[in-house]
>>> print(open('protein.cif').read())   # mmCIF, C-alpha atoms
data_model
#
loop_
_atom_site.label_atom_id
_atom_site.label_comp_id
_atom_site.auth_asym_id
_atom_site.auth_seq_id
_atom_site.Cartn_x
_atom_site.Cartn_y
_atom_site.Cartn_z
CA MET A 1235 31.32 -61.06 0.74
CA GLU A 1236 35.06 -60.66 0.73
CA PHE A 1237 36.67 -57.62 2.40
CA ASN A 1238 39.74 -55.99 0.98
CA ASN A 1239 41.60 -52.75 1.46
CA GLU A 1240 39.39 -50.98 -1.05
CA ASN A 1241 36.20 -51.92 0.82
CA ALA A 1242 37.75 -50.93 4.13
CA LYS A 1243 38.02 -47.32 2.93
CA ASN A 1244 34.19 -47.09 2.62
CA VAL A 1245 33.34 -48.48 6.03
CA LEU A 1246 31.34 -46.00 8.18
CA SER A 1247 30.58 -46.05 11.85
CA VAL A 1248 26.96 -46.00 12.97
CA THR A 1249 27.38 -42.43 14.22
CA GLN A 1250 28.93 -41.33 10.93
CA LEU A 1251 26.04 -42.83 9.01
CA ASN A 1252 23.44 -41.13 11.20
CA GLU A 1253 25.27 -37.80 10.99
CA TYR A 1254 25.42 -38.09 7.22
CA VAL A 1255 21.69 -38.76 7.01
CA LYS A 1256 21.03 -35.79 9.29
CA ILE A 1257 23.10 -33.52 7.03
CA ILE A 1258 21.08 -34.65 3.99
CA LEU A 1259 17.79 -33.98 5.78
CA ASP A 1260 18.91 -30.56 7.05
CA ARG A 1261 19.97 -29.47 3.57
CA ASP A 1262 16.58 -30.26 2.02
CA SER A 1263 14.71 -26.91 1.66
CA LEU A 1264 11.33 -28.67 1.50
CA LEU A 1265 11.90 -30.35 4.85
CA ALA A 1266 13.04 -27.07 6.44
CA SER A 1267 9.44 -25.77 6.62
CA VAL A 1268 6.59 -28.25 6.31
CA TYR A 1269 2.98 -28.52 7.39
CA ILE A 1270 2.02 -32.05 8.50
CA THR A 1271 -1.51 -33.16 9.26
CA GLY A 1272 -2.22 -36.21 11.38
CA GLU A 1273 -3.63 -37.59 14.61
CA ILE A 1274 -1.78 -37.18 17.90
CA SER A 1275 -0.82 -40.34 19.78
CA ASN A 1276 1.62 -41.22 22.56
CA PHE A 1277 1.40 -37.59 23.75
CA VAL A 1278 3.70 -36.75 26.69
CA ASN A 1279 3.75 -33.40 28.44
CA HIS A 1280 7.23 -33.73 29.92
CA ARG A 1281 8.18 -32.20 33.24
CA THR A 1282 10.68 -30.04 31.36
CA GLY A 1283 7.79 -28.39 29.53
CA HIS A 1284 8.54 -30.07 26.18
CA PHE A 1285 5.87 -32.01 24.24
CA TYR A 1286 6.73 -35.46 22.84
CA PHE A 1287 4.20 -37.16 20.57
CA THR A 1288 3.60 -39.15 17.43
CA LEU A 1289 1.62 -38.08 14.38
CA LYS A 1290 -0.12 -40.88 12.52
CA ASP A 1291 -2.53 -41.49 9.68
CA GLU A 1292 -3.75 -44.59 7.85
CA GLY A 1293 -0.38 -45.28 6.25
CA GLY A 1294 2.29 -44.39 8.77
CA VAL A 1295 3.63 -42.58 11.81
CA VAL A 1296 6.30 -39.96 12.49
CA LYS A 1297 7.83 -38.94 15.78
CA ALA A 1298 7.64 -35.30 16.79
CA VAL A 1299 8.88 -33.00 19.51
CA MET A 1300 7.74 -29.49 20.41
CA PHE A 1301 9.99 -27.61 22.79
CA LYS A 1302 8.70 -25.42 25.59
CA SER A 1303 9.70 -22.18 23.84
CA SER A 1304 7.27 -23.04 21.03
CA ASN A 1305 4.41 -24.81 22.82
CA SER A 1306 4.07 -21.98 25.35
CA LYS A 1307 2.49 -19.94 22.56
CA LEU A 1308 -0.28 -22.45 21.85
CA LYS A 1309 -3.87 -21.47 22.66
CA PHE A 1310 -4.84 -25.06 23.47
CA LEU A 1311 -3.38 -28.18 25.09
CA PRO A 1312 -2.86 -31.07 22.64
CA GLU A 1313 -4.19 -34.51 23.57
CA ASN A 1314 -4.27 -38.02 22.18
CA GLY A 1315 -6.71 -38.56 19.34
CA MET A 1316 -6.78 -34.85 18.33
CA LYS A 1317 -6.36 -34.17 14.61
CA VAL A 1318 -3.92 -31.32 14.11
CA ILE A 1319 -1.84 -29.52 11.52
CA VAL A 1320 1.73 -29.08 12.71
CA HIS A 1321 4.36 -26.76 11.27
CA GLY A 1322 8.03 -27.43 11.71
CA ARG A 1323 11.18 -28.94 10.20
CA VAL A 1324 12.33 -32.52 9.66
CA SER A 1325 15.78 -33.52 10.87
CA GLY A 1326 17.66 -36.61 11.93
CA PHE A 1327 18.36 -37.70 15.51
CA VAL A 1328 21.90 -39.07 15.53
CA ARG A 1329 21.71 -40.94 18.83
CA GLY A 1330 18.42 -42.72 18.04
CA GLY A 1331 19.18 -43.35 14.42
CA ASP A 1332 15.82 -42.06 13.21
CA TYR A 1333 14.30 -38.82 11.96
CA GLN A 1334 11.58 -36.73 13.58
CA LEU A 1335 9.53 -33.58 13.20
CA TYR A 1336 10.67 -30.57 15.24
CA ALA A 1337 7.38 -28.68 15.60
CA ASP A 1338 7.18 -24.93 16.24
CA ASP A 1339 3.43 -24.39 15.80
CA MET A 1340 0.20 -26.37 15.90
CA GLU A 1341 -3.49 -25.85 15.16
CA PRO A 1342 -6.49 -28.17 15.38
CA ASP A 1343 -7.21 -29.60 11.93
CA GLY A 1344 -10.71 -28.14 11.84
CA ILE A 1345 -9.26 -24.73 11.03
CA GLY A 1346 -6.01 -25.95 9.58
CA SER A 1347 -6.60 -24.79 6.02
CA LEU A 1348 -7.54 -21.30 7.17
CA TYR A 1349 -4.50 -21.18 9.39
CA ILE A 1350 -2.20 -22.06 6.52
CA ARG A 1351 -3.78 -19.34 4.36
CA TYR A 1352 -3.36 -16.91 7.23
CA GLU A 1353 0.32 -17.74 7.69
CA GLN A 1354 1.06 -17.54 3.99
CA LEU A 1355 -0.65 -14.14 3.60
CA LYS A 1356 1.04 -12.83 6.71
CA LYS A 1357 4.45 -13.90 5.42
CA LYS A 1358 3.77 -12.34 2.00
CA LEU A 1359 2.65 -8.94 3.32
CA GLU A 1360 5.39 -8.88 5.91
CA SER A 1361 8.04 -9.44 3.22
CA GLU A 1362 6.59 -6.43 1.33
CA GLY A 1363 7.13 -4.22 4.38
CA LEU A 1364 3.42 -3.68 4.94
CA PHE A 1365 3.80 -4.30 8.67
CA ASP A 1366 6.97 -2.21 9.17
CA ARG A 1367 6.85 0.02 12.21
CA SER A 1368 8.49 2.85 10.26
CA ARG A 1369 5.38 3.35 8.07
CA LYS A 1370 2.87 3.41 10.90
CA ARG A 1371 1.23 6.76 11.65
CA PRO A 1372 1.06 8.19 15.19
CA LEU A 1373 -2.35 8.61 16.80
CA PRO A 1374 -3.58 12.18 17.28
CA LYS A 1375 -3.15 13.51 20.81
CA ILE A 1376 -6.60 15.09 21.08
CA PRO A 1377 -8.97 13.87 18.36
CA THR A 1378 -12.33 15.61 18.08
CA ARG A 1379 -13.80 13.10 15.59
CA VAL A 1380 -13.61 9.34 16.10
CA GLY A 1381 -14.73 7.03 13.31
CA ILE A 1382 -15.92 3.52 14.24
CA ILE A 1383 -16.34 0.73 11.70
CA THR A 1384 -18.15 -2.26 13.17
CA SER A 1385 -21.50 -3.98 13.43
CA PRO A 1386 -24.20 -1.58 14.70
CA THR A 1387 -25.41 -4.29 17.06
CA GLY A 1388 -23.54 -6.19 19.70
CA ALA A 1389 -21.48 -5.44 22.76
CA ALA A 1390 -18.40 -4.17 20.89
CA VAL A 1391 -19.98 -0.99 19.54
CA ARG A 1392 -21.64 -0.22 22.87
CA ASP A 1393 -18.35 -0.67 24.70
CA MET A 1394 -16.49 1.67 22.33
CA ILE A 1395 -19.18 4.37 22.53
CA ASN A 1396 -19.40 4.14 26.32
CA VAL A 1397 -15.62 4.26 26.87
CA THR A 1398 -15.17 7.14 24.43
CA GLY A 1399 -17.97 9.17 26.03
CA ARG A 1400 -16.66 8.53 29.52
CA ARG A 1401 -13.03 9.38 28.78
CA PHE A 1402 -13.48 12.27 26.34
CA PRO A 1403 -17.07 13.45 25.88
CA PHE A 1404 -15.91 16.31 23.61
CA ALA A 1405 -15.15 13.86 20.76
CA LYS A 1406 -17.78 13.33 18.10
CA ILE A 1407 -18.38 9.65 17.28
CA ILE A 1408 -19.14 8.75 13.65
CA LEU A 1409 -20.39 5.17 13.33
CA TYR A 1410 -20.17 3.51 9.93
CA PRO A 1411 -22.18 0.23 10.24
CA SER A 1412 -20.71 -2.76 8.45
CA LEU A 1413 -20.82 -6.51 8.31
CA VAL A 1414 -17.98 -7.99 10.34
CA GLN A 1415 -18.22 -11.60 9.18
CA GLY A 1416 -19.39 -13.47 6.13
CA ASP A 1417 -18.70 -13.23 2.42
CA GLY A 1418 -19.62 -9.55 1.98
CA ALA A 1419 -17.88 -8.28 5.10
CA PRO A 1420 -14.45 -7.40 3.62
CA GLU A 1421 -16.00 -5.26 0.87
CA GLN A 1422 -18.13 -3.30 3.36
CA LEU A 1423 -15.19 -2.78 5.70
CA ILE A 1424 -13.08 -1.48 2.81
CA ARG A 1425 -15.91 0.81 1.67
CA ALA A 1426 -16.24 2.24 5.17
CA LEU A 1427 -12.53 2.96 5.49
CA ASN A 1428 -12.45 4.61 2.06
CA TYR A 1429 -15.40 6.79 3.09
CA PHE A 1430 -13.53 8.24 6.07
CA ASN A 1431 -10.45 8.91 3.96
CA GLU A 1432 -12.33 10.47 1.05
CA THR A 1433 -14.48 12.73 3.25
CA ASN A 1434 -11.74 13.37 5.84
CA SER A 1435 -14.49 13.14 8.45
CA ALA A 1436 -12.44 11.53 11.25
CA ASP A 1437 -9.17 12.15 13.03
CA VAL A 1438 -8.76 8.47 13.95
CA VAL A 1439 -10.64 5.33 12.91
CA ILE A 1440 -11.35 2.21 14.96
CA ILE A 1441 -12.11 -0.94 12.97
CA GLY A 1442 -13.03 -4.20 14.64
CA ARG A 1443 -15.52 -6.48 16.33
CA GLY A 1444 -15.97 -8.71 19.35
CA GLY A 1445 -14.50 -12.16 19.77
CA GLY A 1446 -15.28 -15.30 17.86
CA SER A 1447 -13.81 -18.31 16.10
CA ILE A 1448 -11.22 -17.98 13.36
CA GLU A 1449 -14.01 -18.39 10.84
CA ASP A 1450 -15.93 -15.52 12.45
CA LEU A 1451 -12.86 -13.26 12.36
CA TRP A 1452 -11.75 -14.29 8.88
CA ALA A 1453 -13.06 -11.12 7.18
CA PHE A 1454 -10.24 -9.24 8.90
CA ASN A 1455 -7.68 -11.53 7.25
CA ASP A 1456 -8.60 -10.24 3.78
CA GLU A 1457 -5.58 -9.09 1.73
CA THR A 1458 -7.35 -6.13 0.10
CA LEU A 1459 -8.60 -4.92 3.46
CA ALA A 1460 -5.08 -5.14 4.87
CA ARG A 1461 -3.69 -3.05 2.02
CA THR A 1462 -6.50 -0.49 2.42
CA VAL A 1463 -5.74 -0.20 6.15
CA ALA A 1464 -2.03 0.25 5.45
CA ALA A 1465 -2.72 2.93 2.81
CA SER A 1466 -5.14 4.93 4.96
CA ARG A 1467 -4.20 8.59 5.49
CA ILE A 1468 -6.13 8.54 8.76
CA PRO A 1469 -4.53 6.54 11.61
CA VAL A 1470 -6.29 3.19 12.11
CA ILE A 1471 -6.72 1.24 15.34
CA SER A 1472 -7.54 -2.44 14.82
CA ALA A 1473 -9.57 -4.11 17.59
CA VAL A 1474 -10.58 -7.56 16.44
CA GLY A 1475 -11.71 -10.22 18.88
CA HIS A 1476 -10.08 -10.87 22.22
CA GLU A 1477 -6.54 -10.25 23.42
CA THR A 1478 -5.34 -13.63 22.15
CA ASP A 1479 -6.82 -13.15 18.67
CA PHE A 1480 -4.53 -11.82 15.94
CA THR A 1481 -5.60 -10.95 12.40
CA ILE A 1482 -3.84 -9.57 9.33
CA CYS A 1483 -5.74 -6.31 9.90
CA ASP A 1484 -4.04 -6.01 13.31
CA PHE A 1485 -0.58 -6.17 11.76
CA ALA A 1486 -1.44 -3.71 8.94
CA SER A 1487 -3.00 -1.12 11.25
CA ASP A 1488 -1.13 1.67 12.96
CA VAL A 1489 -2.06 0.40 16.43
CA ARG A 1490 -3.44 -2.96 17.51
CA ALA A 1491 -5.77 -2.95 20.50
CA PRO A 1492 -6.44 -6.20 22.40
CA THR A 1493 -10.17 -5.45 22.69
CA PRO A 1494 -12.68 -2.89 21.31
CA SER A 1495 -12.85 -1.21 24.74
CA ALA A 1496 -9.07 -0.89 24.79
CA ALA A 1497 -9.21 0.64 21.30
CA ALA A 1498 -11.49 3.40 22.57
CA GLU A 1499 -9.08 4.07 25.42
CA LEU A 1500 -6.20 4.36 22.95
CA ALA A 1501 -8.17 6.59 20.59
CA VAL A 1502 -9.09 9.39 22.98
CA PRO A 1503 -7.37 10.94 26.01
CA ASP A 1504 -8.71 10.85 29.53
CA THR A 1505 -10.38 14.18 30.34
CA ALA A 1506 -9.33 14.00 33.98
CA GLU A 1507 -5.74 13.38 32.97
CA LEU A 1508 -5.88 16.27 30.49
CA LYS A 1509 -7.16 18.57 33.22
CA ARG A 1510 -4.26 17.56 35.44
CA LYS A 1511 -1.80 18.19 32.64
CA PHE A 1512 -3.34 21.57 31.84
CA ALA A 1513 -3.25 22.47 35.52
CA ASN A 1514 0.44 21.58 35.61
CA VAL A 1515 1.09 23.68 32.51
CA VAL A 1516 -0.79 26.63 34.01
CA SER A 1517 1.17 26.29 37.26
CA ARG A 1518 4.48 26.25 35.39
CA MET A 1519 3.42 29.26 33.31
CA GLU A 1520 2.38 31.17 36.44
CA LEU A 1521 5.67 30.32 38.12
CA SER A 1522 7.64 31.38 35.06
CA LEU A 1523 5.65 34.63 34.76
CA THR A 1524 6.12 35.36 38.48
CA LYS A 1525 9.88 34.91 38.15
CA LYS A 1526 9.98 37.20 35.12
CA LEU A 1527 7.94 39.86 36.93
CA GLU A 1528 10.23 39.67 39.97
CA LEU A 1529 13.30 39.99 37.75
CA SER A 1530 11.78 42.97 35.90
CA LYS A 1531 10.86 44.58 39.24
CA ARG A 1532 14.42 44.21 40.52
CA ARG A 1533 15.75 45.76 37.32
CA LEU A 1534 13.28 48.63 37.61
CA ASP A 1535 14.23 49.21 41.26
CA ALA A 1536 17.91 49.22 40.31
CA ALA A 1537 17.25 51.71 37.51
CA ALA A 1538 15.19 53.94 39.84
CA LYS A 1539 18.10 54.03 42.30
CA SER A 1540 20.70 54.87 39.65
CA ARG A 1541 22.45 58.29 39.77
CA ALA A 1542 20.96 59.15 36.38
CA LEU A 1543 17.55 59.44 38.00
CA THR A 1544 18.37 60.29 41.61
CA SER A 1545 21.08 62.90 40.79
CA PRO A 1546 20.80 64.04 37.18
CA ARG A 1547 23.46 66.76 37.80
CA TYR A 1548 26.07 64.03 37.96
CA MET A 1549 24.83 62.73 34.66
CA ILE A 1550 25.07 66.20 33.12
CA ASP A 1551 28.59 66.70 34.52
CA ASP A 1552 29.65 63.39 33.03
CA LYS A 1553 28.26 64.39 29.64
CA ARG A 1554 29.86 67.84 29.94
CA MET A 1555 33.26 66.23 30.53
CA LEU A 1556 32.72 64.07 27.49
CA VAL A 1557 31.92 67.18 25.40
CA LEU A 1558 35.01 69.03 26.69
CA THR A 1559 37.21 66.06 26.00
CA ALA A 1560 35.81 65.78 22.48
CA SER A 1561 36.27 69.53 21.94
CA GLU A 1562 39.93 69.34 22.98
CA ARG A 1563 40.50 66.45 20.67
CA MET A 1564 38.90 68.43 17.83
CA ASP A 1565 41.05 71.52 18.56
CA ASN A 1566 44.21 69.44 18.60
CA ALA A 1567 43.23 67.69 15.40
CA PHE A 1568 42.44 71.05 13.70
CA SER A 1569 45.75 72.59 14.84
CA MET A 1570 47.68 69.63 13.51
CA LEU A 1571 45.79 69.77 10.24
CA TYR A 1572 46.34 73.55 9.95
CA GLU A 1573 50.07 73.23 10.54
CA LYS A 1574 50.31 70.43 7.99
CA LYS A 1575 48.45 72.49 5.35
CA ARG A 1576 50.57 75.61 6.14
CA GLN A 1577 53.73 73.65 5.56
CA GLN A 1578 52.39 72.25 2.32
CA PHE A 1579 51.45 75.81 1.19
CA ALA A 1580 54.88 77.15 2.03
CA LEU A 1581 56.51 74.35 0.07
CA GLN A 1582 54.34 75.01 -2.98
CA THR A 1583 55.02 78.78 -2.72
CA ALA A 1584 58.75 78.16 -2.67
CA ARG A 1585 58.45 75.95 -5.73
CA LEU A 1586 56.45 78.63 -7.61
CA GLN A 1587 58.86 81.36 -6.53
CA ALA A 1588 61.73 79.37 -7.91
CA LEU A 1589 59.94 79.23 -11.27
CA ASN A 1590 59.17 83.04 -11.32
CA PRO A 1591 61.40 84.76 -13.93
CA MET A 1592 61.52 87.92 -11.75
CA SER A 1593 63.33 85.92 -9.14
CA VAL A 1594 66.07 85.28 -11.71
CA ILE A 1595 66.18 88.93 -12.70
CA SER A 1596 66.59 89.99 -9.09
CA ARG A 1597 69.82 88.01 -8.96
CA GLY A 1598 71.44 90.28 -11.66
CA TYR A 1599 69.83 89.10 -14.81
CA SER A 1600 67.46 90.99 -17.11
CA ALA A 1601 64.62 90.10 -19.47
CA VAL A 1602 63.20 91.63 -22.64
CA PHE A 1603 59.43 91.95 -23.13
CA LEU A 1604 57.50 93.04 -26.18
CA GLY A 1605 54.96 95.79 -25.97
CA ASP A 1606 52.18 93.30 -25.17
CA GLY A 1607 54.22 91.88 -22.27
CA THR A 1608 55.40 88.75 -24.06
CA LEU A 1609 58.79 87.50 -22.92
CA VAL A 1610 61.29 87.49 -25.77
CA LYS A 1611 62.98 84.12 -25.94
CA SER A 1612 64.13 84.21 -29.60
CA VAL A 1613 65.16 86.82 -32.13
CA LYS A 1614 62.47 85.38 -34.34
CA GLN A 1615 59.85 87.06 -32.11
CA VAL A 1616 61.01 90.60 -33.02
CA LYS A 1617 61.74 92.69 -36.08
CA GLU A 1618 63.10 96.15 -36.73
CA GLY A 1619 60.91 98.93 -35.40
CA ASP A 1620 59.24 96.82 -32.66
CA ALA A 1621 58.93 98.43 -29.27
CA PHE A 1622 60.30 96.53 -26.33
CA ALA A 1623 61.03 96.92 -22.66
CA PHE A 1624 64.31 95.97 -21.07
CA ARG A 1625 63.42 94.94 -17.49
CA THR A 1626 65.98 94.63 -14.71
CA GLY A 1627 65.72 94.04 -11.02
CA ASP A 1628 65.43 97.76 -10.22
CA GLY A 1629 63.49 99.11 -13.20
CA GLU A 1630 62.67 99.05 -16.86
CA VAL A 1631 64.18 100.59 -20.02
CA ASP A 1632 62.03 101.13 -23.13
CA GLY A 1633 63.51 100.95 -26.63
CA ILE A 1634 63.02 100.40 -30.35
CA VAL A 1635 64.56 97.50 -32.28
CA THR A 1636 66.97 98.91 -34.81
CA SER A 1637 68.31 95.63 -36.11
CA VAL A 1638 67.89 91.83 -35.65
CA LYS A 1639 70.94 89.62 -35.90
CA PRO A 1640 70.15 85.92 -35.70
CA LYS A 1641 72.99 83.70 -34.52
CA GLU A 1642 74.72 81.81 -37.28
CA ARG A 1643 74.42 78.05 -37.21
CA GLU A 1644 77.48 76.07 -36.38
CA THR A 1645 78.50 73.69 -39.10
CA ASP A 1646 79.63 70.20 -38.40
CA HIS A 1647 83.16 69.32 -39.33
CA GLU A 1648 84.13 65.85 -40.25
#
>>> encode(input="protein.cif", output="structure tokens")
Amino acid sequence: MEFNNENAKNVLSVTQLNEYVKIILDRDSLLASVYITGEISNFVNHRTGHFYFTLKDEGGVVKAVMFKSSNSKLKFLPENGMKVIVHGRVSGFVRGGDYQLYADDMEPDGIGSLYIRYEQLKKKLESEGLFDRSRKRPLPKIPTRVGIITSPTGAAVRDMINVTGRRFPFAKIILYPSLVQGDGAPEQLIRALNYFNETNSADVVIIGRGGGSIEDLWAFNDETLARTVAASRIPVISAVGHETDFTICDFASDVRAPTPSAAAELAVPDTAELKRKFANVVSRMELSLTKKLELSKRRLDAAAKSRALTSPRYMIDDKRMLVLTASERMDNAFSMLYEKKRQQFALQTARLQALNPMSVISRGYSAVFLGDGTLVKSVKQVKEGDAFAFRTGDGEVDGIVTSVKPKERETDHE
């Protein structure tokens, strides 16, 4: 092969090649989340806490690593020869020049298919918001009716009844017997929960069973049951298996209890603790009432020692002074009002007097009145022979009209 300048442009270093392969692997969405089944070999539990191993089957092998942050959640310790299903992502390792599986979860292959179904259903319901904390209902503080859905036989039901009776014997326990494993179990569990909601016969419901394998607990991973639990109007406590067991029902419920006994403790209050709380409330109420009584007593004592009660004459004198002061103010106000009205009357009288024709006559003028007392303002009001009175300031002269001489009109001259 001959090298030239054109070929030189395409030459990659080993590191560049490995980095490029890693980028291609990281961008593949299928390789970002895969389930791989195989047999563990070359298992190393490193002093750092990380697991290093190889997965193999009849046709090949793949290297894998599981860091401490992930393997600390496992419920078992992997070992060589164990068939497992591993979840993780595939990526390249630049320094080694190979690819490997970065595992974040692992289950023995005997229950692998169930585990995958569980994870897929959990992811689906979680994406719908079925597990959101915001939609979960609070448990009642003091329930008087506790519904229990479980098998009528076994330690779980006895534990729940015993704990409930010991902590809060005032609560009525309503047991709805149901299958808790097997093909017909989910339908019976759903029917029981619907019964409590339709009859409203419980303040809180506990649903669960004792421990077992994932197959035994699988009824509580039913999708319809999970949706029924989430839709329940009555708060639901899920208590399935042991503390390390988690089911879909646990996530859909309002409260998850690690064990059936713990569920009973969560469902009802402790009578002794309630008594202590009530005693504290009573003490605070008594203290508050005592303080109020003391305050009222001090106010009453102060009122009893006031001059209004000890020396009522002083009270009367004070009121008398108030009356006198008010009377003086009223007199002053009336005098001012009277003077104002008197001045207004005098002004109106002067105005009327100025309009009185007799006032004009008294200044040297006279007026003529007909016999009926009508003031003569025009010659048109009289005719010959009419009687009239000629009134002056100092008397009156009667007479008869002998002639009427209207004033001639003045003509306009151009």
>>> resolve_selection(input="protein.cif", expression="the PyMOL selection byres ((chain A and resi 1276) around 9)", output="list in words")
Ile1274, Ser1275, Phe1277, Val1278, Tyr1286, Phe1287, Thr1288, Leu1289, Glu1313 and Asn1314 of chain A
>>> closest_atom_pairs(input="protein.cif", of="stretch 1290-1398 of chain A", to="stretch 1498-1510 of chain A", cutoff="12 Å", atoms="only C-alpha atoms", output="CSV")
residue,atom,partner,partner_atom,distance
A:Pro1372,CA,A:Ala1501,CA,10.8
A:Leu1373,CA,A:Ala1501,CA,7.2
A:Pro1374,CA,A:Ala1501,CA,8.0
A:Lys1375,CA,A:Pro1503,CA,7.2
A:Ile1376,CA,A:Pro1503,CA,6.5
A:Pro1377,CA,A:Val1502,CA,6.4
A:Thr1378,CA,A:Val1502,CA,8.6
A:Arg1379,CA,A:Val1502,CA,9.5
A:Val1380,CA,A:Ala1501,CA,7.6
A:Gly1381,CA,A:Ala1501,CA,9.8
A:Ile1382,CA,A:Ala1498,CA,9.4
A:Ala1390,CA,A:Ala1498,CA,10.4
A:Val1391,CA,A:Ala1498,CA,10.0
A:Arg1392,CA,A:Ala1498,CA,10.8
A:Asp1393,CA,A:Ala1498,CA,8.3
A:Met1394,CA,A:Ala1498,CA,5.3
A:Ile1395,CA,A:Ala1498,CA,7.8
A:Asn1396,CA,A:Ala1498,CA,8.8
A:Val1397,CA,A:Ala1498,CA,6.0
A:Thr1398,CA,A:Ala1498,CA,5.6
>>> write_last_selection(input="protein.cif", atoms="C-alpha atoms", output="PDB file, in the frame of the given file")
ATOM      1  CA  PRO A1372       1.060   8.190  15.190  1.00  0.00           C
ATOM      2  CA  LEU A1373      -2.350   8.610  16.800  1.00  0.00           C
ATOM      3  CA  PRO A1374      -3.580  12.180  17.280  1.00  0.00           C
ATOM      4  CA  LYS A1375      -3.150  13.510  20.810  1.00  0.00           C
ATOM      5  CA  ILE A1376      -6.600  15.090  21.080  1.00  0.00           C
ATOM      6  CA  PRO A1377      -8.970  13.870  18.360  1.00  0.00           C
ATOM      7  CA  THR A1378     -12.330  15.610  18.080  1.00  0.00           C
ATOM      8  CA  ARG A1379     -13.800  13.100  15.590  1.00  0.00           C
ATOM      9  CA  VAL A1380     -13.610   9.340  16.100  1.00  0.00           C
ATOM     10  CA  GLY A1381     -14.730   7.030  13.310  1.00  0.00           C
ATOM     11  CA  ILE A1382     -15.920   3.520  14.240  1.00  0.00           C
ATOM     12  CA  ALA A1390     -18.400  -4.170  20.890  1.00  0.00           C
ATOM     13  CA  VAL A1391     -19.980  -0.990  19.540  1.00  0.00           C
ATOM     14  CA  ARG A1392     -21.640  -0.220  22.870  1.00  0.00           C
ATOM     15  CA  ASP A1393     -18.350  -0.670  24.700  1.00  0.00           C
ATOM     16  CA  MET A1394     -16.490   1.670  22.330  1.00  0.00           C
ATOM     17  CA  ILE A1395     -19.180   4.370  22.530  1.00  0.00           C
ATOM     18  CA  ASN A1396     -19.400   4.140  26.320  1.00  0.00           C
ATOM     19  CA  VAL A1397     -15.620   4.260  26.870  1.00  0.00           C
ATOM     20  CA  THR A1398     -15.170   7.140  24.430  1.00  0.00           C
TER      21      THR A1398
END
>>> atom_distance(input="protein.cif", atom1="atom CA of A:Val1328", atom2="atom CA of A:Gly1315")
28.9 Å
>>> atom_distance(input="protein.cif", atom1="atom CA of A:Leu1459", atom2="atom CA of A:Leu1427")
9.0 Å
>>> residues_near_point(input="protein.cif", point="(6.3, 3.5, 8.8)", cutoff="12 Å", atoms="all atoms listed in the file", output="count of residues only")
17
>>> residues_near_point(input="protein.cif", point="(-10.2, 3.4, 6.3)", cutoff="8 Å", atoms="all atoms listed in the file", output="list of chain:residue names")
A:Leu1423, A:Ile1424, A:Arg1425, A:Ala1426, A:Leu1427, A:Asn1428, A:Tyr1429, A:Phe1430, A:Asn1431, A:Val1439, A:Thr1462, A:Val1463, A:Ser1466, A:Arg1467, A:Ile1468, A:Val1470
>>> axis_aligned_box(input="protein.cif", around="stretch 1408-1421 of chain A", padding_each_side="8 Å", output="JSON")
{"center_x": -18.3, "center_y": -2.4, "center_z": 7.3, "size_x": 23.7, "size_y": 38.2, "size_z": 28.8}
>>> resolve_selection(input="protein.cif", expression="the PyMOL selection byres ((chain A and resi 1348) around 12)", output="number ranges by chain")
A: 1319, 1341-1347, 1349-1355, 1447-1453, 1455-1456, 1481
>>> residues_around(input="protein.cif", residues="A:Phe1603", least_positions_apart="4", cutoff="12 Å", atoms="all atoms listed in the file", output="VMD selection string")
chain A and resid 1591 1607 to 1613 1615 to 1616 1620 to 1626 1630 to 1635
>>> closest_residue(input="protein.cif", among="A:Phe1301, A:Glu1253, A:Pro1312, A:Met1555", to="A:Glu1273", atoms="all atoms listed in the file")
A:Pro1312
>>> atom_distance(input="protein.cif", atom1="atom CA of A:Arg1281", atom2="atom CA of A:Val1296")
22.2 Å
>>> closest_residue(input="protein.cif", among="A:Ala1513, A:Ala1337, A:Ala1588, A:Val1255", to="A:His1284", atoms="all atoms listed in the file")
A:Ala1337
>>> closest_residue(input="protein.cif", among="A:Ser1325, A:Ser1306, A:Gly1283, A:Val1602", to="A:Tyr1254", atoms="all atoms listed in the file")
A:Ser1325
>>> closest_residue(input="protein.cif", among="A:Gly1326, A:Pro1411, A:Gly1272, A:Gly1605", to="A:Lys1256", atoms="only C-alpha atoms")
A:Gly1326
>>> resolve_selection(input="protein.cif", expression="the PyMOL selection byres ((chain A and resi 1302) around 10)", output="ChimeraX atom specification")
/A:1279-1280,1282-1285,1299-1301,1303-1307,1338
>>> build_atoms(input="protein.cif", residues="stretch 1416-1421 of chain A", atoms="N, CA and C atoms", output="mmCIF file, in the frame of the given file")
data_model
loop_
_atom_site.group_PDB
_atom_site.id
_atom_site.type_symbol
_atom_site.label_atom_id
_atom_site.label_comp_id
_atom_site.auth_asym_id
_atom_site.auth_seq_id
_atom_site.Cartn_x
_atom_site.Cartn_y
_atom_site.Cartn_z
ATOM 1 N N GLY A 1416 -18.636 -13.023 7.295
ATOM 2 C CA GLY A 1416 -19.390 -13.470 6.130
ATOM 3 C C GLY A 1416 -18.729 -13.029 4.840
ATOM 4 N N ASP A 1417 -19.315 -13.462 3.729
ATOM 5 C CA ASP A 1417 -18.700 -13.230 2.420
ATOM 6 C C ASP A 1417 -18.625 -11.744 2.055
ATOM 7 N N GLY A 1418 -19.633 -10.960 2.386
ATOM 8 C CA GLY A 1418 -19.620 -9.550 1.980
ATOM 9 C C GLY A 1418 -18.951 -8.616 2.962
ATOM 10 N N ALA A 1419 -18.441 -9.144 4.062
ATOM 11 C CA ALA A 1419 -17.880 -8.280 5.100
ATOM 12 C C ALA A 1419 -16.636 -7.516 4.652
ATOM 13 N N PRO A 1420 -15.654 -8.159 4.012
ATOM 14 C CA PRO A 1420 -14.450 -7.400 3.620
ATOM 15 C C PRO A 1420 -14.765 -6.206 2.734
ATOM 16 N N GLU A 1421 -15.668 -6.371 1.767
ATOM 17 C CA GLU A 1421 -16.000 -5.260 0.870
ATOM 18 C C GLU A 1421 -16.625 -4.100 1.635
#
